[in-house]
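Trainee: What follows is a structure written as structure tokens; I'll ask about it next.
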Amino acid sequence: MIRKLLLICCCVLLISLKGFAQSSKVTGRVLSAKDNLPLPGVSISVKGTSNGAMTNVNGDFTVNVPAGKSTLVVSFVGFVVKQVEVTAGQTGVQVSLTEDVQQLNDVVVVGYNSKKQSELTSAVTVVNASKLKDVTANNVGTMLQGKVAGLQVVNSSGVPGANPEIRLRGVSSVNANQSPLFVVDGIIGGNYDPNDVESVTVLKDAASTALYGSQANAGVIIVTTKKAKQGQTKFEAKISSGFRTADFGKLNVMNSNELYDYQKEFYRDYIVGATDNTYKIDLAKFYSERPLSLRDQNYDWPKQSFKTAPMYNFYLSASGKTEKNDYYVGASYYNEKGTFLNTNYQRINLRANSTYHFSKRLDITNNINLSGSMGKSYDYMDVYYSFLNMPWDNPYDANGQPIYVDGNSTFKWWSRDKINPIHTVKNSDHSYKGFDINYDLGINYRITDWLTFASTNRVAAGFNKGVNYVSPTAAGTYHGTGYLDELNTLNYGIVSNQLLKFNFQLGDHNLSGFAGAAFEGSNNEYSGASGKGLPEGLRVLNVVSNNQLVNGAYDKAYLQSLLSQVNYNYKEKYFLSASVRYDGSSAFAPTKQYGTFPSVSGAWLVSNEDFLAGNNILNSLKLRGSYGVTGTQDIGASRYLGLFSLTTQYNGLVGAVPYQLASPNLTWESKHQVNVGADIGLFNRVTLTVDLYRNDTKNLLLQVSQPLSVGFETKWENAGNVINKGIEVGISSANIRNKDFEWNTDFNINFNNNKIYGLPADIVKTGSWSISQIYRNGGNLYEFYMPKWLGVDAQTGAPVWEKVVYDASGKAVASEKTSDYAQATIQEVGSALPKFQGGFNNSFRYKSFNLRVSTYFNYGNKVFSNNLRFMMNDGHEPYYNQIKLPSGSKVWSGPGDTQATEPSPQNSANSTETSTRYLKDGSYFTIRNIAFSYTLPKQWAKSISMDGITVGLTADNVATFSNFLGQDPQTTIQPGSFATPGVSDFKYPNNRQYLFTVNFNF
Amino acid sequence: MKNKFFALLTLAMVAASSCKNLNVNPSDAISTGTITTTTDGLTNALNGAYALLKDHIEFNGTVDANNMYLRQFYHLSDFASDDIVCGQVTTDPLYYSFSLGHSPSQSNTRYYWYVSYKIITGVNTVIDAIEKSGKTDATTNQLLGECYFLRAFCHFNLVRLFGKPYSVDPNAPGIILRTNLTDEAQKARSTVKEVYDAVITDAEKSATLMTQSRGVQYASQEAAWALLARVNIYKEDNDKAIEYANKVISSGKFTLATKATYPSLFANAKSASETIFCIAFTQTDDYGKFGSIASMIYSDGNSGWGEEYASSSLRDAMSAHPEDVRWSYIVPSKDGAGNVQKKNGIEMYYISKFSFQDGLPNLSSPIMFRIAEMYLIRAEAKAKKNDAAGALTDVNLIRSNRGLEGSLINAVPAGKTALDVVLDEKRIEMAFEGHRTYDVFRNKRTLDKTYWGYHITGLKETDIDLSKKPSGYPNLTVPYTSPRTIYFIPIDEILSNNKATQNP
């Protein structure tokens, strides 16, 4: 009905216009302002008429215009729309289009649908392939670092194939998953190769994320893979090759001489409480126990265990379009050798995307992604010993073979535990293999002009196998027996979305949206076995002869949903949008499974108002506002049940162990988000995006610490709330832009502040190494809670901590010093979360040369440098090498030594226990990446039948500036096994990477 | 075409909108409500409680091989004694038992505390379910009795480690008693006396409930009596101690190992004649170098760390009798020339009471109660009741089965008391089995660690002169009044339980 009405209206309009018009022609050409090359495919319309035309391959057009003067509207994707006054009959009209920095007309994929940038009512950042790919990595996260305001990317490990941790707008959850939801080609989850990525869209506020409901608390990152852009078949090939080196940061270990001198401190004649102390170093004793010849044996364990390692990445793709079919095929191979001995990673990925146009109404899309990866990981203890073994030991014999060291070895081995990690690594490996398949089926059926049925579905399956193997020839616990441990993981699942989409235009009113249903199901199945007693040379489970153990389990998760969205705009000036999602999750008790997640948002495109039309200073201005609710349910299965685990045995019979406290009312954590923002375009050069947000996460899914005397460490509860408030600023500026030279700057910064409120009581969470963090009303998340280190007692050399004296009302009234660790007051000493972080990126082009420099900064967080517990240990563990003490450090040398910063090895009880001694400022500034490229002249390329050749050099992780003492201030911000957020421990170091890249288009 | 498509479309919509049952159950766990409804389930839960004495369970998000109830019990008890010497300083918290540099945040006490209460919670769940079920058949009663026993056993070990000896101060703060499932999570420490009373109540109840025998790998009536004998001798209720020791002895189920069988007693604990109750380890429970009880005190070169040794103090106490078969558990590490090797200046005398089940260096089924202890408890009680002759009879019974039949003690030697004789014998007989520190301190004696070892902080290898005893170092002796005879309450409890007070 509406359709008919519209049709009639149009007809009437057309007829009436035809009535006045006397047409004649105008011809001309459209060029790009940047390089004066003709632009084909530009659309020309004549204002006030239905007349229009398109430029041909030479950029030429011919269009009918009414008599007299009229206005041509010249528009092309990626360029600023231009209006040109013409007179009927005019020829040779030259129109020069400038590239649109604001990209208001670009289509942005925002989840279940796409919108023009100008129509967006939400905080969204788009990063396209050209900006992503200055960094070569096996994952998109690493490529995004420093490019999106509000996105924190932490590369906490440098192990080959590692993925970074990503946080959007701070940390709004504690124990639930805090990684943004990845959506690939419109479907939640999915596998892809970074080379196949066309663009990445980061959805930041609830206006766009609420559509993902219970999975979107941590934001949504939408990855769109490549599709054909033009008719002709196009090939692209990219070859990158280079090398990586380990970056130890400030973990400089002592060399032979330094350690030798340092250990003299252990021989000071000082017995606490004795009366005849001389406080002199007893060199006679020292030399008899540490011969001078030790100084000649100087083995740099970290340097020798981490070697320069090569890496390659090859990529080849083809794409094209026919009348019936669009296709894209990409293949890539990534090979990275690890810097640590016997580690590596390789991955092969094949992708085929095709859309078949059955008719004007029906499109079917088939996307398939196959990937296989394999590699070798490492054992934590091998890395640990590689840092801590002493330079006085040489792991190689005269023939260059790693020597065997164990408890029965008769020669002197200075390092702890008589372990030679290099021999162990050579005789063991920790390998893994995996493959993964994704098949997407999309059906798009245009039922009427205004109504479309869209179905998107994915089937995914993956299989992974991990193996830990220790040869019987390796020293240590498996000597003579060997050890084999295998774990197989099978995962499979489906995602299915069925939507009806509509879009009406009624005069100046536009109404669009969709409604539909979605289902997600996933299954993981594990099985594994291990055993000892392997014959030398064989490494399968069939040959293990004793200690055979088996394990296996599965888990499942389902989510089913209804969802809808309505968008309205008036004259493309005023925009309103509302959405709702209704989710049911298998993570909760039957009565708590369903939740509703609504959102509303609006925008005013002020620059489309007449009063701003043609304004040369303010080219564009949009004001946005949104409110919405998202949730989190990703905490693992059955957290609400009181459970006994049946994974143990006693005397060969099944044993059941209390495993989880019941929490029947456990339900969604929900995040209520308010966002206001503005997108401003200035001088045709600068875009400025400012967003203010306030995210109130309610009913935090928290593992509430229990008194250990109840037999459980924690209980899952919905306890307390956290507010994240922040401001994000993104500036993109084309500082200089002319034919030969361009200089663009991107700057983004995010200030975020979080506060906890509504907790029934303080919660203190104590993790490995007794490092505690406190959750307190009015406090920060990840707030470290430990005694304050006050240095060294000048008279006794003992460590000193602060003891706060409280009055009867619990108010701190005085501060005392104590050398009794048990008396020291445990107090709040700073959070692991930064106050602000962001990126500052510049790119330059001179003719065909491009240079891009990306930097990233992070300020105001604390990092506990747990390595120092071993590497500044005051003689508690004299069999470990030590870190070079920072300048100004001094070990206590006798009564009255007020310069001393490190306690006396003779009087250092508990000095390495957790305190602020090892809590360091985690701020850093890093030159993330420098990329230089040169596009060969076209003629050269043409001469070998290429359309274009670009060669490039990139350097990643070039330099990090920080006051941190320890391995790396980039440390995990995820609470979990082995890890307290903000605790830096021995890890596989991050890498510097240097690559040479050649890119061919043909 | 159009019709086919709409058929497909309808199918897809129906498939998508059909509601799925969203209830998912875990694959390797059973809900508490379900497991407590069947006898099988309750038996599994009881087995789980025993398993926790030997398993390494996740703590702080990690499964740490150091973390095992028994491993830490022996470290915390015996590394503080004068029977074991430290041969190497370490940042492992086990070192604090030697150096007495205790801290509330040491990971071994934290785990020990946690897993103890997990056992207690497990058995409390079973007790609650059985008592609500109203079942009173013998099998159910046996199950229930074992639960009461384990609760008493765990509470008692906790109060020994974290509370002052009863004989020193029964009103001192003890530990947190968990005797039901309904108490508030935040609960204050009971006094030592209250804990002892609760332990005795539970143990007595368990002795009456347990009428079946499931083998020495499980608690039994005799195990409950043995526990009661031990608790009462600690409490200095000598009559009760004798009464319960007698009950065990007169049960006739256990006999002292002989000179011939004693050297193989510990490797074959599950079938040994002395064993009243042991924790069964099977070959799957061979935790190797990182997680076994033996690995700190014994090594064949690769099997363990072997950094702690039988002390010279203990060896001196045994030196008069090389024929004593108890030497068989003290194994010197010798070099090619037959000399005892030294580690950092300390002679390496390995301890093998936790080795060689099935010939494996790290495997044993540690004995919690054995008959020799009953004789020694009875002897101690008699000595305290001024029955020196009776005490010596029991002591000689032990000696005559240890290769010392030619060196029986027929009269209290000059300068010694009958109690001295009993405690000296017990020290040798029960060495490394987690008794020595308690026996010293509860009898208000001073622990004498005047021998070379790295319990002396700041000691250098070159300071060591084995020809004489160390002098001039602080803390060579530990009086029973020292606050460091017990450990700090773990930091987790203090920070999460406002009512829990810390030890001085």
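Each chain in the structure tokens gets a letter, A, B, ..., in the order shown, and its residues are numbered from 1; ligands are numbered from 1 in order too.
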Write down as a PyMOL selection string the residues belonging to stretch 680-835 of chain A that are assigned strand (DSSP E or B) by DSSP computed on the backbone.

Mentor: chain A and resi 680-682+686-698+701-705+714-718+721-737+741-757+763-766+772-775+783-787+789-792+799-806+812-818+826-831

Trainee: Write to file, as a compact mmCIF listing (two decimals), in the first residue's frame, the residues of the selection just made, with C-alpha atoms.

Mentor:
```txt
# COMPACT_ATOMS: atom_id res chain seq x y z
CA ILE A 680 33.32 17.61 14.33
CA GLY A 681 34.94 18.33 10.98
CA LEU A 682 37.05 21.47 10.71
CA VAL A 686 40.59 17.87 10.87
CA THR A 687 38.08 15.51 12.35
CA LEU A 688 37.58 15.55 16.04
CA THR A 689 35.56 12.98 17.90
CA VAL A 690 34.82 13.49 21.56
CA ASP A 691 32.87 11.07 23.70
CA LEU A 692 31.93 11.22 27.34
CA TYR A 693 30.63 8.10 28.97
CA ARG A 694 29.39 6.78 32.24
CA ASN A 695 29.05 3.03 32.44
CA ASP A 696 27.43 1.69 35.54
CA THR A 697 27.99 -2.05 35.83
CA LYS A 698 25.48 -3.45 38.27
CA LEU A 701 29.58 -11.27 38.79
CA LEU A 702 32.20 -11.59 41.45
CA GLN A 703 34.10 -14.45 42.95
CA VAL A 704 33.69 -13.21 46.49
CA SER A 705 36.56 -14.29 48.72
CA THR A 714 35.41 -17.98 46.72
CA LYS A 715 31.74 -17.95 45.98
CA TRP A 716 30.13 -16.64 42.80
CA GLU A 717 27.82 -13.80 43.70
CA ASN A 718 26.25 -10.76 42.14
CA ASN A 721 28.69 -2.33 41.21
CA VAL A 722 31.37 -0.45 39.41
CA ILE A 723 31.14 2.86 37.60
CA ASN A 724 33.50 3.65 34.79
CA LYS A 725 33.54 7.30 33.80
CA GLY A 726 35.69 8.56 31.05
CA ILE A 727 36.39 10.78 28.16
CA GLU A 728 37.70 9.76 24.78
CA VAL A 729 39.15 12.12 22.28
CA GLY A 730 40.19 11.17 18.79
CA ILE A 731 41.75 13.68 16.42
CA SER A 732 42.55 12.99 12.84
CA SER A 733 44.26 15.74 10.97
CA ALA A 734 45.51 16.18 7.44
CA ASN A 735 48.19 18.69 8.37
CA ILE A 736 49.63 19.06 4.93
CA ARG A 737 48.09 17.73 1.79
CA PHE A 741 53.66 15.83 0.20
CA GLU A 742 51.17 14.74 2.80
CA TRP A 743 51.34 14.69 6.55
CA ASN A 744 48.53 13.16 8.59
CA THR A 745 48.28 12.88 12.32
CA ASP A 746 46.03 10.69 14.41
CA PHE A 747 45.87 11.18 18.11
CA ASN A 748 43.64 9.45 20.57
CA ILE A 749 43.44 9.44 24.31
CA ASN A 750 41.15 7.90 26.87
CA PHE A 751 40.89 8.94 30.49
CA ASN A 752 39.04 6.39 32.53
CA ASN A 753 38.20 6.30 36.17
CA ASN A 754 36.47 3.53 38.03
CA LYS A 755 34.80 3.34 41.40
CA ILE A 756 33.26 0.44 43.22
CA TYR A 757 30.09 0.91 45.22
CA ILE A 763 36.53 -8.17 49.64
CA VAL A 764 40.20 -9.01 49.69
CA LYS A 765 41.43 -11.36 47.07
CA THR A 766 44.77 -13.00 47.76
CA SER A 772 46.38 -9.25 47.55
CA GLN A 773 43.97 -6.82 45.98
CA ILE A 774 41.05 -5.20 47.75
CA TYR A 775 37.59 -4.40 46.47
CA GLU A 783 43.74 -2.05 44.00
CA PHE A 784 46.88 -3.61 45.43
CA TYR A 785 46.71 -4.29 49.17
CA MET A 786 50.00 -4.97 50.91
CA PRO A 787 52.46 -3.61 53.47
CA TRP A 789 58.08 -0.86 52.30
CA LEU A 790 60.05 1.80 54.12
CA GLY A 791 63.55 0.67 53.24
CA VAL A 792 66.27 -0.42 55.59
CA PRO A 799 63.96 -4.45 56.29
CA VAL A 800 61.41 -1.90 57.49
CA TRP A 801 57.71 -1.73 56.79
CA GLU A 802 55.05 0.70 57.89
CA LYS A 803 52.86 -0.06 60.86
CA VAL A 804 49.87 2.23 61.07
CA VAL A 805 48.51 2.87 64.55
CA TYR A 806 44.75 3.12 64.78
CA ALA A 812 44.80 6.02 61.62
CA VAL A 813 46.54 8.25 64.12
CA ALA A 814 50.22 7.50 63.70
CA SER A 815 52.71 5.64 61.61
CA GLU A 816 55.49 3.53 63.04
CA LYS A 817 58.30 1.53 61.56
CA THR A 818 58.56 -2.17 62.08
CA ILE A 826 48.36 -4.10 55.00
CA GLN A 827 47.11 -1.07 53.09
CA GLU A 828 45.93 0.19 49.71
CA VAL A 829 48.83 1.17 47.55
CA GLY A 830 47.56 1.78 44.01
CA SER A 831 45.65 0.16 41.20
```

Trainee: Might you pull out every residue within 6 Å of stretch 485-500 of chain B, with only C-alpha atoms counted and same-chain residues fewer than 5 positions away left off, and present them as number ranges by chain?

Mentor: A: 707-708; B: 104-105, 110, 161-162, 186-189

Trainee: Give the alpha helix (DSSP H) residues of stretch 738-880 of chain A, as DSSP finds them on the backbone, and put them as a list in words.

Mentor: Leu868, Arg869, Phe870 and Met871 of chain A

Trainee: Could you take the residues named above and write them with C-alpha atoms, as a compact mmCIF listing (two decimals), in the first residue's frame?

Mentor:
```
# COMPACT_ATOMS: atom_id res chain seq x y z
CA LEU A 868 62.36 -9.11 41.84
CA ARG A 869 61.33 -11.48 44.62
CA PHE A 870 63.93 -13.80 43.09
CA MET A 871 66.26 -11.29 41.52
```

Trainee: Restrict the calculation to only C-alpha atoms, then for each residue of chain B with any atom at most 6 Å from an atom of chain A give the closest atom pair and their distance in Å to one decimal, rows by chain and rising residue number, as JSON lines.

Mentor:
```
{"residue": "B:Leu22", "atom": "CA", "partner": "A:Ser586", "partner_atom": "CA", "distance": 4.6}
{"residue": "B:Asn23", "atom": "CA", "partner": "A:Ser586", "partner_atom": "CA", "distance": 5.5}
{"residue": "B:Ser27", "atom": "CA", "partner": "A:Ala553", "partner_atom": "CA", "distance": 5.8}
{"residue": "B:Asp28", "atom": "CA", "partner": "A:Leu646", "partner_atom": "CA", "distance": 5.8}
{"residue": "B:Ala29", "atom": "CA", "partner": "A:Ser645", "partner_atom": "CA", "distance": 4.2}
{"residue": "B:Ile30", "atom": "CA", "partner": "A:Phe644", "partner_atom": "CA", "distance": 5.4}
{"residue": "B:Ser31", "atom": "CA", "partner": "A:Leu643", "partner_atom": "CA", "distance": 4.3}
{"residue": "B:Thr32", "atom": "CA", "partner": "A:Leu643", "partner_atom": "CA", "distance": 5.1}
{"residue": "B:Asn44", "atom": "CA", "partner": "A:Gly655", "partner_atom": "CA", "distance": 4.6}
{"residue": "B:Ala45", "atom": "CA", "partner": "A:Ala656", "partner_atom": "CA", "distance": 4.4}
{"residue": "B:Asn47", "atom": "CA", "partner": "A:Gly655", "partner_atom": "CA", "distance": 4.6}
{"residue": "B:Gly48", "atom": "CA", "partner": "A:Gly655", "partner_atom": "CA", "distance": 3.9}
{"residue": "B:Ala51", "atom": "CA", "partner": "A:Tyr650", "partner_atom": "CA", "distance": 4.9}
{"residue": "B:Asn60", "atom": "CA", "partner": "A:Gly767", "partner_atom": "CA", "distance": 5.0}
{"residue": "B:Gly61", "atom": "CA", "partner": "A:Ser977", "partner_atom": "CA", "distance": 4.2}
{"residue": "B:Thr62", "atom": "CA", "partner": "A:Ser977", "partner_atom": "CA", "distance": 5.6}
{"residue": "B:Thr90", "atom": "CA", "partner": "A:Glu877", "partner_atom": "CA", "distance": 5.3}
{"residue": "B:Gly101", "atom": "CA", "partner": "A:Ala909", "partner_atom": "CA", "distance": 5.9}
{"residue": "B:Ser103", "atom": "CA", "partner": "A:Ala822", "partner_atom": "CA", "distance": 5.8}
{"residue": "B:Ser105", "atom": "CA", "partner": "A:Ser770", "partner_atom": "CA", "distance": 5.5}
{"residue": "B:Tyr114", "atom": "CA", "partner": "A:Leu708", "partner_atom": "CA", "distance": 5.2}
{"residue": "B:Tyr117", "atom": "CA", "partner": "A:Gly711", "partner_atom": "CA", "distance": 4.4}
{"residue": "B:Lys118", "atom": "CA", "partner": "A:Gly711", "partner_atom": "CA", "distance": 3.8}
{"residue": "B:Thr121", "atom": "CA", "partner": "A:Gly711", "partner_atom": "CA", "distance": 5.8}
{"residue": "B:Gly122", "atom": "CA", "partner": "A:Pro658", "partner_atom": "CA", "distance": 5.8}
{"residue": "B:Ala280", "atom": "CA", "partner": "A:Asn651", "partner_atom": "CA", "distance": 5.6}
{"residue": "B:Thr284", "atom": "CA", "partner": "A:Asn547", "partner_atom": "CA", "distance": 5.4}
{"residue": "B:Lys289", "atom": "CA", "partner": "A:Thr477", "partner_atom": "CA", "distance": 5.6}
{"residue": "B:Gly301", "atom": "CA", "partner": "A:Gly407", "partner_atom": "CA", "distance": 4.2}
{"residue": "B:Asn302", "atom": "CA", "partner": "A:Gly476", "partner_atom": "CA", "distance": 5.3}
{"residue": "B:Ser303", "atom": "CA", "partner": "A:Thr477", "partner_atom": "CA", "distance": 5.8}
{"residue": "B:Gly458", "atom": "CA", "partner": "A:Gln906", "partner_atom": "CA", "distance": 4.6}
{"residue": "B:Thr462", "atom": "CA", "partner": "A:Lys285", "partner_atom": "CA", "distance": 5.9}
{"residue": "B:Glu493", "atom": "CA", "partner": "A:Pro707", "partner_atom": "CA", "distance": 4.8}
{"residue": "B:Ser496", "atom": "CA", "partner": "A:Pro707", "partner_atom": "CA", "distance": 5.0}
{"residue": "B:Asn497", "atom": "CA", "partner": "A:Pro707", "partner_atom": "CA", "distance": 5.4}
```

Trainee: Include N, CA and C atoms and write out the residues we just selected as a compact mmCIF listing (two decimals), in the first residue's frame.

Mentor:
```
# COMPACT_ATOMS: atom_id res chain seq x y z
N LEU B 22 17.42 -24.73 28.09
CA LEU B 22 18.72 -24.12 28.32
C LEU B 22 19.47 -24.70 29.52
N ASN B 23 18.96 -25.78 30.08
CA ASN B 23 19.65 -26.31 31.27
C ASN B 23 20.82 -27.20 30.88
N SER B 27 29.91 -31.91 33.29
CA SER B 27 30.16 -33.29 32.89
C SER B 27 30.95 -34.08 33.92
N ASP B 28 31.64 -33.40 34.83
CA ASP B 28 32.48 -34.15 35.76
C ASP B 28 32.23 -33.74 37.21
N ALA B 29 31.04 -33.19 37.45
CA ALA B 29 30.70 -32.80 38.81
C ALA B 29 29.21 -33.09 39.02
N ILE B 30 28.84 -33.24 40.28
CA ILE B 30 27.44 -33.53 40.61
C ILE B 30 27.02 -32.52 41.65
N SER B 31 25.79 -32.05 41.54
CA SER B 31 25.37 -31.02 42.48
C SER B 31 25.27 -31.60 43.89
N THR B 32 25.54 -30.73 44.85
CA THR B 32 25.53 -31.15 46.25
C THR B 32 24.20 -31.77 46.62
N ASN B 44 31.25 -41.64 47.87
CA ASN B 44 32.18 -40.89 47.03
C ASN B 44 32.69 -39.65 47.75
N ALA B 45 31.78 -38.96 48.42
CA ALA B 45 32.17 -37.74 49.12
C ALA B 45 33.14 -38.05 50.25
N ASN B 47 35.18 -40.70 50.31
CA ASN B 47 36.45 -41.01 49.63
C ASN B 47 37.18 -39.73 49.25
N GLY B 48 36.40 -38.75 48.79
CA GLY B 48 36.99 -37.47 48.40
C GLY B 48 37.70 -36.81 49.58
N ALA B 51 40.88 -38.42 49.92
CA ALA B 51 41.73 -38.07 48.78
C ALA B 51 42.39 -36.70 48.99
N ASN B 60 44.42 -20.63 44.65
CA ASN B 60 44.84 -19.39 43.99
C ASN B 60 44.90 -19.56 42.47
N GLY B 61 44.01 -20.37 41.95
CA GLY B 61 43.95 -20.51 40.49
C GLY B 61 45.02 -21.41 39.92
N THR B 62 45.79 -22.08 40.76
CA THR B 62 46.82 -22.95 40.21
C THR B 62 46.94 -24.24 41.00
N THR B 90 66.46 -21.40 51.02
CA THR B 90 65.54 -21.38 49.88
C THR B 90 64.46 -20.34 50.11
N GLY B 101 61.23 -17.68 60.54
CA GLY B 101 60.82 -16.39 59.96
C GLY B 101 59.40 -16.45 59.44
N SER B 103 55.48 -16.09 58.47
CA SER B 103 54.71 -14.94 58.01
C SER B 103 53.27 -15.40 57.75
N SER B 105 51.61 -14.79 55.34
CA SER B 105 51.37 -14.99 53.91
C SER B 105 52.15 -16.17 53.35
N TYR B 114 43.46 -24.16 54.16
CA TYR B 114 42.37 -24.26 53.19
C TYR B 114 41.92 -25.70 52.99
N TYR B 117 40.10 -27.37 55.90
CA TYR B 117 38.69 -27.01 56.03
C TYR B 117 37.86 -27.53 54.86
N LYS B 118 38.48 -27.79 53.74
CA LYS B 118 37.71 -28.40 52.65
C LYS B 118 37.34 -29.84 53.03
N THR B 121 34.51 -29.48 55.48
CA THR B 121 33.26 -29.14 54.80
C THR B 121 32.66 -30.36 54.10
N GLY B 122 33.54 -31.14 53.48
CA GLY B 122 33.07 -32.34 52.79
C GLY B 122 32.40 -33.30 53.76
N ALA B 280 46.25 -44.14 51.90
CA ALA B 280 46.65 -44.99 50.79
C ALA B 280 47.08 -44.16 49.59
N THR B 284 49.32 -44.20 40.83
CA THR B 284 48.89 -42.96 40.17
C THR B 284 49.14 -41.75 41.07
N LYS B 289 59.25 -35.69 41.80
CA LYS B 289 60.14 -34.73 42.44
C LYS B 289 59.41 -33.52 43.00
N GLY B 301 69.28 -38.89 43.19
CA GLY B 301 70.03 -38.06 42.24
C GLY B 301 69.07 -37.30 41.35
N ASN B 302 68.01 -37.96 40.93
CA ASN B 302 67.00 -37.30 40.11
C ASN B 302 65.63 -37.29 40.75
N SER B 303 65.40 -38.21 41.67
CA SER B 303 64.03 -38.40 42.15
C SER B 303 63.54 -37.25 43.02
N GLY B 458 72.06 -16.53 57.98
CA GLY B 458 73.32 -15.86 57.65
C GLY B 458 74.53 -16.79 57.72
N THR B 462 81.66 -21.84 55.03
CA THR B 462 82.98 -21.82 55.68
C THR B 462 82.90 -21.62 57.19
N GLU B 493 42.46 -15.80 55.79
CA GLU B 493 41.44 -15.90 56.83
C GLU B 493 41.31 -14.56 57.55
N SER B 496 39.57 -11.98 55.27
CA SER B 496 38.19 -12.22 54.88
C SER B 496 37.27 -12.53 56.06
N ASN B 497 37.85 -12.66 57.22
CA ASN B 497 37.05 -13.01 58.40
C ASN B 497 37.42 -12.04 59.52
```

Trainee: Could you jot down the atom CA of A:Lys412 to atom CA of A:Asn298 separation for me, Å, one decimal place?

Mentor: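 Computed distance, atom CA of A:Lys412 to atom CA of A:Asn298, equals 15.2 Å.
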
Trainee: What gap, in Å, lies between atom CA of A:Thr971 and atom CA of A:Tyr526?

Mentor: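 Straight-line distance from atom CA of A:Thr971 to atom CA of A:Tyr526 works out to 29.2 Å.
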
Trainee: Give me, as a Markdown table, each residue of stretch 344-408 of chain B that comes within 12 Å of stretch 74-78 of chain B, together with its shortest interatomic pair and the distance in Å at one decimal, counting only C-alpha atoms, with rows ordered by chain and rising residue number.

Mentor:
```
| residue | atom | partner | partner_atom | distance |
| --- | --- | --- | --- | --- |
| B:Ile351 | CA | B:Asp78 | CA | 12.0 |
| B:Lys353 | CA | B:Tyr74 | CA | 11.6 |
| B:Phe354 | CA | B:Tyr74 | CA | 10.6 |
| B:Pro366 | CA | B:Tyr74 | CA | 10.2 |
| B:Ile367 | CA | B:Tyr74 | CA | 11.6 |
| B:Met368 | CA | B:Tyr74 | CA | 11.1 |
```

Trainee: Keeping only C-alpha atoms, write the selected residues to a file as a CSV table (one decimal), in the first residue's frame.

Mentor:
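Written output follows (again_11.csv):
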```
chain,number,residue,atom,x,y,z
B,351,ILE,CA,65.4,-40.0,55.2
B,353,LYS,CA,60.4,-43.3,55.7
B,354,PHE,CA,58.3,-42.0,52.8
B,366,PRO,CA,52.1,-42.4,55.2
B,367,ILE,CA,51.1,-43.9,58.5
B,368,MET,CA,48.9,-41.7,60.6
```

Trainee: Residues near stretch 309-314 of chain B, anyone? I mean within 6 Å using only C-alpha atoms, not counting same-chain ones fewer than 2 positions away, as a PyMOL selection string.

Mentor: chain B and resi 83-85+297+316-317+348-350

Trainee: Just give me the gap between atom CA of B:Ser251 and atom CA of B:Arg402 in Å, one decimal is fine.

Mentor: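 About the pair atom CA of B:Ser251 and atom CA of B:Arg402: they are 22.5 Å apart.
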
Trainee: Quick one: of A:Phe683, A:Tyr315, A:Tyr994, A:Tyr287, who's nearest to A:Ser332, counting only C-alpha atoms?

Mentor: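 Of the candidates, the smallest distance to A:Ser332 is held by A:Tyr315.
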
Trainee: I'd like the contact shell of stretch 318-326 of chain B - 9 Å cut-off, only C-alpha atoms, skipping same-chain residues fewer than 4 positions apart - returned as a ChimeraX atom specification.

Mentor: /B:259-260,262-263,313-314,330,399,401-404,407,428-429

Trainee: Which residues come within 10 Å of stretch 127-133 of chain B, counting only C-alpha atoms, excluding same-chain residues fewer than 3 positions away, as a ChimeraX atom specification?

Mentor: /B:33,35-39,42,46,121-124,136,140-141,143-148,179-181

Trainee: Pick the closest to B:Thr457 from B:Met210, B:Leu100, B:Ile276, B:Ala65: which is it, counting only C-alpha atoms?

Mentor: B:Leu100

Trainee: With only C-alpha atoms as the counted atoms, please give the residues lying no more than 12 Å from B:Gly359, apart from itself and same-chain residues fewer than 6 positions off, as a list in words.

Mentor: Ser264, Phe266, Ala267, Asn268, Gln283, Asp286 and Ser352 of chain B
